[in-house]
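Have a look at the structure below, then the notes.
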Amino acid sequence: MQVKASIKKELLAFSRTSKLLIIALVFIGWSIFSPLMIRGVGLLMEALNPIYDEMGMDVSGMTDMLGSASSLGVTSAVSELGGVCLIVMILLINSNAGGEQKKRSIIIPRSSGLRSFSYIFPKFIVYPPIAFVLAVAGAFSAWGISALIFDYNDVTLSGILIGGILAGVSIMFYICLHLTIGTATGKAGLSAALCIVASLLLPNIFAMTGADYMYNPFTLSLIASSAVQPGMLSTTPPEDIIVTALIALGLMVILYFIALFAQNARRIDNSGNEIRL
């Protein structure tokens, strides 16, 4: 009963504050906007071709590339799912990722018998799955608009499905990391900053060092972007992709237990004016 009430509380706190609507619009809207922006740049360069010719610059190759294959638009959109969309979601769920502890709104429920399990578990089964569904929906939205605006569609159903799923798992991993750090420390702002920096820097660091993307949950966003490109799935063993996703899911379970352990280990003294941990 307590878990059911906590799940309802998380869902209502997410939907009634319009956060769910905002996040959905960001995921779907940005997934559509990203291919449109690339196609628009291609059309602009095509219109400016005479000017480039006068300057002695041949941009016909780049112009043709920006308007030819839909994989360019889909790759960009899937990449942005783990960039802009993830950042927006991390920031919007701050109050649910430990922010309520700072505002002391958790004191009365705890005093009334709220267990750590009922406090932590609903967060992990509400926010990460929502992020996963929106990521897959965003990937398919990008595929749909790219197929319409580019000259030919070279992205397969299996490619976009795997790319969307991997992007969703990647976002889920960072959301779980945010929930763990935020609820364990009660400092949602610090947790958001750490997770955003990690999502922006770590994949690029691994890419620059030439490290293998496989079996690394921090590079799932890179694998997701590559999965939608033609021929990628034929050169990458499917079992490697599956194992990488399973490692990320396993780490999410571990993060949940870490968050639960941290809550069970904390003892709040409400006798004074300040919260003592």
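Each chain in the structure tokens gets a letter, A, B, ..., in the order shown, and its residues are numbered from 1; ligands are numbered from 1 in order too.
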*All residues 9 Å or closer to range 161-168 of chain A, only C-alpha atoms, same chain fewer than 5 positions away omitted, as a PyMOL selection string*: chain A and resi 75+78-79+81-82+128-129+131-140+156+173+220-228+241+245
Those residues you just picked out, can you put them in a file as a compact mmCIF listing (two decimals), in the first residue's frame with C-alpha atoms?
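Below is the file result-v7.txt, written as the result:
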```txt
# COMPACT_ATOMS: atom_id res chain seq x y z
CA THR A 75 22.25 9.89 -36.33
CA VAL A 78 19.82 9.97 -31.66
CA SER A 79 23.00 11.68 -30.54
CA LEU A 81 18.77 12.31 -27.20
CA GLY A 82 21.75 11.65 -24.95
CA PRO A 128 14.03 5.69 -16.00
CA PRO A 129 11.23 3.80 -17.86
CA ALA A 131 12.98 8.25 -20.25
CA PHE A 132 13.36 4.97 -22.14
CA VAL A 133 9.94 5.22 -23.80
CA LEU A 134 10.51 8.85 -24.81
CA ALA A 135 13.96 8.04 -26.23
CA VAL A 136 12.58 5.24 -28.43
CA ALA A 137 9.69 7.48 -29.51
CA GLY A 138 12.17 10.26 -30.31
CA ALA A 139 14.30 7.94 -32.43
CA PHE A 140 11.30 6.80 -34.46
CA THR A 156 16.47 0.14 -41.64
CA PHE A 173 21.68 4.73 -16.84
CA LEU A 220 26.16 3.56 -25.09
CA SER A 221 25.12 6.86 -26.65
CA LEU A 222 27.94 6.51 -29.21
CA ILE A 223 26.92 2.93 -29.98
CA ALA A 224 23.31 4.07 -30.38
CA SER A 225 24.30 6.74 -32.91
CA SER A 226 26.39 4.25 -34.85
CA ALA A 227 23.65 1.60 -34.86
CA VAL A 228 21.42 3.62 -37.18
CA ILE A 241 25.72 -4.95 -28.19
CA ALA A 245 23.17 -3.14 -22.71
```
_Surrounding residues of Phe33 in chain A excluding itself and chain neighbours under 3 positions, 12 Å, only C-alpha atoms, as JSON, numbers by chain_ = {"A": [25, 26, 27, 28, 29, 30, 36, 37, 38, 39, 40, 73, 74, 76, 77, 78, 80, 81, 138, 139, 141, 142, 143, 144, 145, 146, 149]}
Find the residues near range 251-261 of chain A: any atom within 9 Å, counting only C-alpha atoms, skip ones fewer than 4 places away on the same chain, and give them as a PDB file with N, CA and C atoms, in the first residue's frame.
```
ATOM      1  N   SER A 116      12.436   3.428   3.699  1.00  0.00           N
ATOM      2  CA  SER A 116      13.406   3.774   2.663  1.00  0.00           C
ATOM      3  C   SER A 116      13.049   3.111   1.338  1.00  0.00           C
ATOM      4  N   PHE A 117      12.602   1.858   1.396  1.00  0.00           N
ATOM      5  CA  PHE A 117      12.225   1.138   0.180  1.00  0.00           C
ATOM      6  C   PHE A 117      11.084   1.853  -0.537  1.00  0.00           C
ATOM      7  N   TYR A 119      10.383   4.916  -0.428  1.00  0.00           N
ATOM      8  CA  TYR A 119      10.849   6.230  -0.891  1.00  0.00           C
ATOM      9  C   TYR A 119      11.708   6.103  -2.145  1.00  0.00           C
ATOM     10  N   ILE A 120      12.579   5.092  -2.189  1.00  0.00           N
ATOM     11  CA  ILE A 120      13.536   4.946  -3.289  1.00  0.00           C
ATOM     12  C   ILE A 120      12.952   4.180  -4.469  1.00  0.00           C
ATOM     13  N   PHE A 121      12.303   3.059  -4.196  1.00  0.00           N
ATOM     14  CA  PHE A 121      11.860   2.160  -5.268  1.00  0.00           C
ATOM     15  C   PHE A 121      10.976   2.846  -6.313  1.00  0.00           C
ATOM     16  N   PHE A 124      12.861   4.770  -9.078  1.00  0.00           N
ATOM     17  CA  PHE A 124      13.594   3.974 -10.057  1.00  0.00           C
ATOM     18  C   PHE A 124      12.684   3.252 -11.043  1.00  0.00           C
ATOM     19  N   MET A 172      18.575   5.983 -19.396  1.00  0.00           N
ATOM     20  CA  MET A 172      18.166   5.361 -18.140  1.00  0.00           C
ATOM     21  C   MET A 172      19.339   5.251 -17.169  1.00  0.00           C
ATOM     22  N   PHE A 173      20.504   4.888 -17.691  1.00  0.00           N
ATOM     23  CA  PHE A 173      21.685   4.727 -16.843  1.00  0.00           C
ATOM     24  C   PHE A 173      22.038   6.045 -16.153  1.00  0.00           C
ATOM     25  N   TYR A 174      22.039   7.142 -16.896  1.00  0.00           N
ATOM     26  CA  TYR A 174      22.386   8.431 -16.296  1.00  0.00           C
ATOM     27  C   TYR A 174      21.293   8.914 -15.333  1.00  0.00           C
ATOM     28  N   CYS A 176      19.400   6.928 -13.499  1.00  0.00           N
ATOM     29  CA  CYS A 176      19.606   6.130 -12.280  1.00  0.00           C
ATOM     30  C   CYS A 176      20.793   6.649 -11.484  1.00  0.00           C
ATOM     31  N   LEU A 177      21.851   7.041 -12.187  1.00  0.00           N
ATOM     32  CA  LEU A 177      23.019   7.603 -11.507  1.00  0.00           C
ATOM     33  C   LEU A 177      22.649   8.888 -10.786  1.00  0.00           C
ATOM     34  N   LEU A 179      19.600   9.729  -9.707  1.00  0.00           N
ATOM     35  CA  LEU A 179      18.740   9.394  -8.573  1.00  0.00           C
ATOM     36  C   LEU A 179      19.552   8.864  -7.398  1.00  0.00           C
ATOM     37  N   THR A 180      20.560   8.073  -7.694  1.00  0.00           N
ATOM     38  CA  THR A 180      21.381   7.484  -6.629  1.00  0.00           C
ATOM     39  C   THR A 180      22.178   8.553  -5.888  1.00  0.00           C
ATOM     40  N   ILE A 181      22.905   9.371  -6.658  1.00  0.00           N
ATOM     41  CA  ILE A 181      23.732  10.401  -6.020  1.00  0.00           C
ATOM     42  C   ILE A 181      22.861  11.426  -5.305  1.00  0.00           C
ATOM     43  N   GLY A 182      21.775  11.826  -5.946  1.00  0.00           N
ATOM     44  CA  GLY A 182      20.907  12.849  -5.384  1.00  0.00           C
ATOM     45  C   GLY A 182      20.235  12.416  -4.100  1.00  0.00           C
ATOM     46  N   THR A 183      19.657  11.208  -4.101  1.00  0.00           N
ATOM     47  CA  THR A 183      18.962  10.751  -2.891  1.00  0.00           C
ATOM     48  C   THR A 183      19.936  10.360  -1.789  1.00  0.00           C
ATOM     49  N   ALA A 184      21.115   9.888  -2.157  1.00  0.00           N
ATOM     50  CA  ALA A 184      22.097   9.471  -1.147  1.00  0.00           C
ATOM     51  C   ALA A 184      22.710  10.662  -0.429  1.00  0.00           C
ATOM     52  N   PRO A 217      29.112   1.213 -20.328  1.00  0.00           N
ATOM     53  CA  PRO A 217      27.808   1.889 -20.308  1.00  0.00           C
ATOM     54  C   PRO A 217      27.887   3.378 -20.600  1.00  0.00           C
ATOM     55  N   LEU A 246      23.149  -5.131 -21.301  1.00  0.00           N
ATOM     56  CA  LEU A 246      22.898  -5.873 -20.065  1.00  0.00           C
ATOM     57  C   LEU A 246      23.802  -5.398 -18.932  1.00  0.00           C
ATOM     58  N   ILE A 247      25.046  -5.040 -19.263  1.00  0.00           N
ATOM     59  CA  ILE A 247      25.948  -4.493 -18.241  1.00  0.00           C
ATOM     60  C   ILE A 247      25.383  -3.195 -17.681  1.00  0.00           C
ATOM     61  N   ALA A 265      21.005   3.771   5.866  1.00  0.00           N
ATOM     62  CA  ALA A 265      22.118   4.111   6.754  1.00  0.00           C
ATOM     63  C   ALA A 265      21.974   5.495   7.371  1.00  0.00           C
ATOM     64  N   ARG A 266      21.088   6.297   6.809  1.00  0.00           N
ATOM     65  CA  ARG A 266      20.961   7.665   7.308  1.00  0.00           C
ATOM     66  C   ARG A 266      20.004   7.707   8.489  1.00  0.00           C
TER      67      ARG A 266
END
```
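Taking CA of Gln263 in chain A and CA of Thr17 in chain A as the two end points, the separation is 26.0 Å.
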*Write out as a ChimeraX atom specification each polymer residue whose atoms come within 9 Å of Leu92 in chain A, counting only C-alpha atoms; drop sequence neighbours fewer than 2 positions from it.*
/A:19-20,22-23,87-90,94-96
*Counting only C-alpha atoms, what is within 7 Å of Phe150 in chain A, bar same-chain residues fewer than 3 positions away, as a ChimeraX atom specification?*
/A:67-70,146-147
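Among the candidates A:Gly98, A:Pro122, A:Gly250, A:Pro230, the one nearest to Ala192 in chain A when counting only C-alpha atoms is A:Gly98.
Those residues that approach range 2-5 of chain A to within 7 Å, counting only C-alpha atoms, are Lys8, Lys9, Ser118 and Pro122 of chain A; same-chain residues fewer than 3 positions away are not listed.
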*Write out as a ChimeraX atom specification all residues of range 7-251 of chain A that backbone DSSP assigns to alpha helix (DSSP H).*
/A:7-15,19-47,49-54,60-68,70-80,86-92,99-102,107-111,116-149,157-185,188-208,220-227,232-235,238-251
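When CA of Ser71 in chain A is paired with CA of Leu43 in chain A, their separation reads 17.0 Å.
Taking CA of Leu200 in chain A and CA of Gly231 in chain A as endpoints, the distance between them is 26.5 Å.
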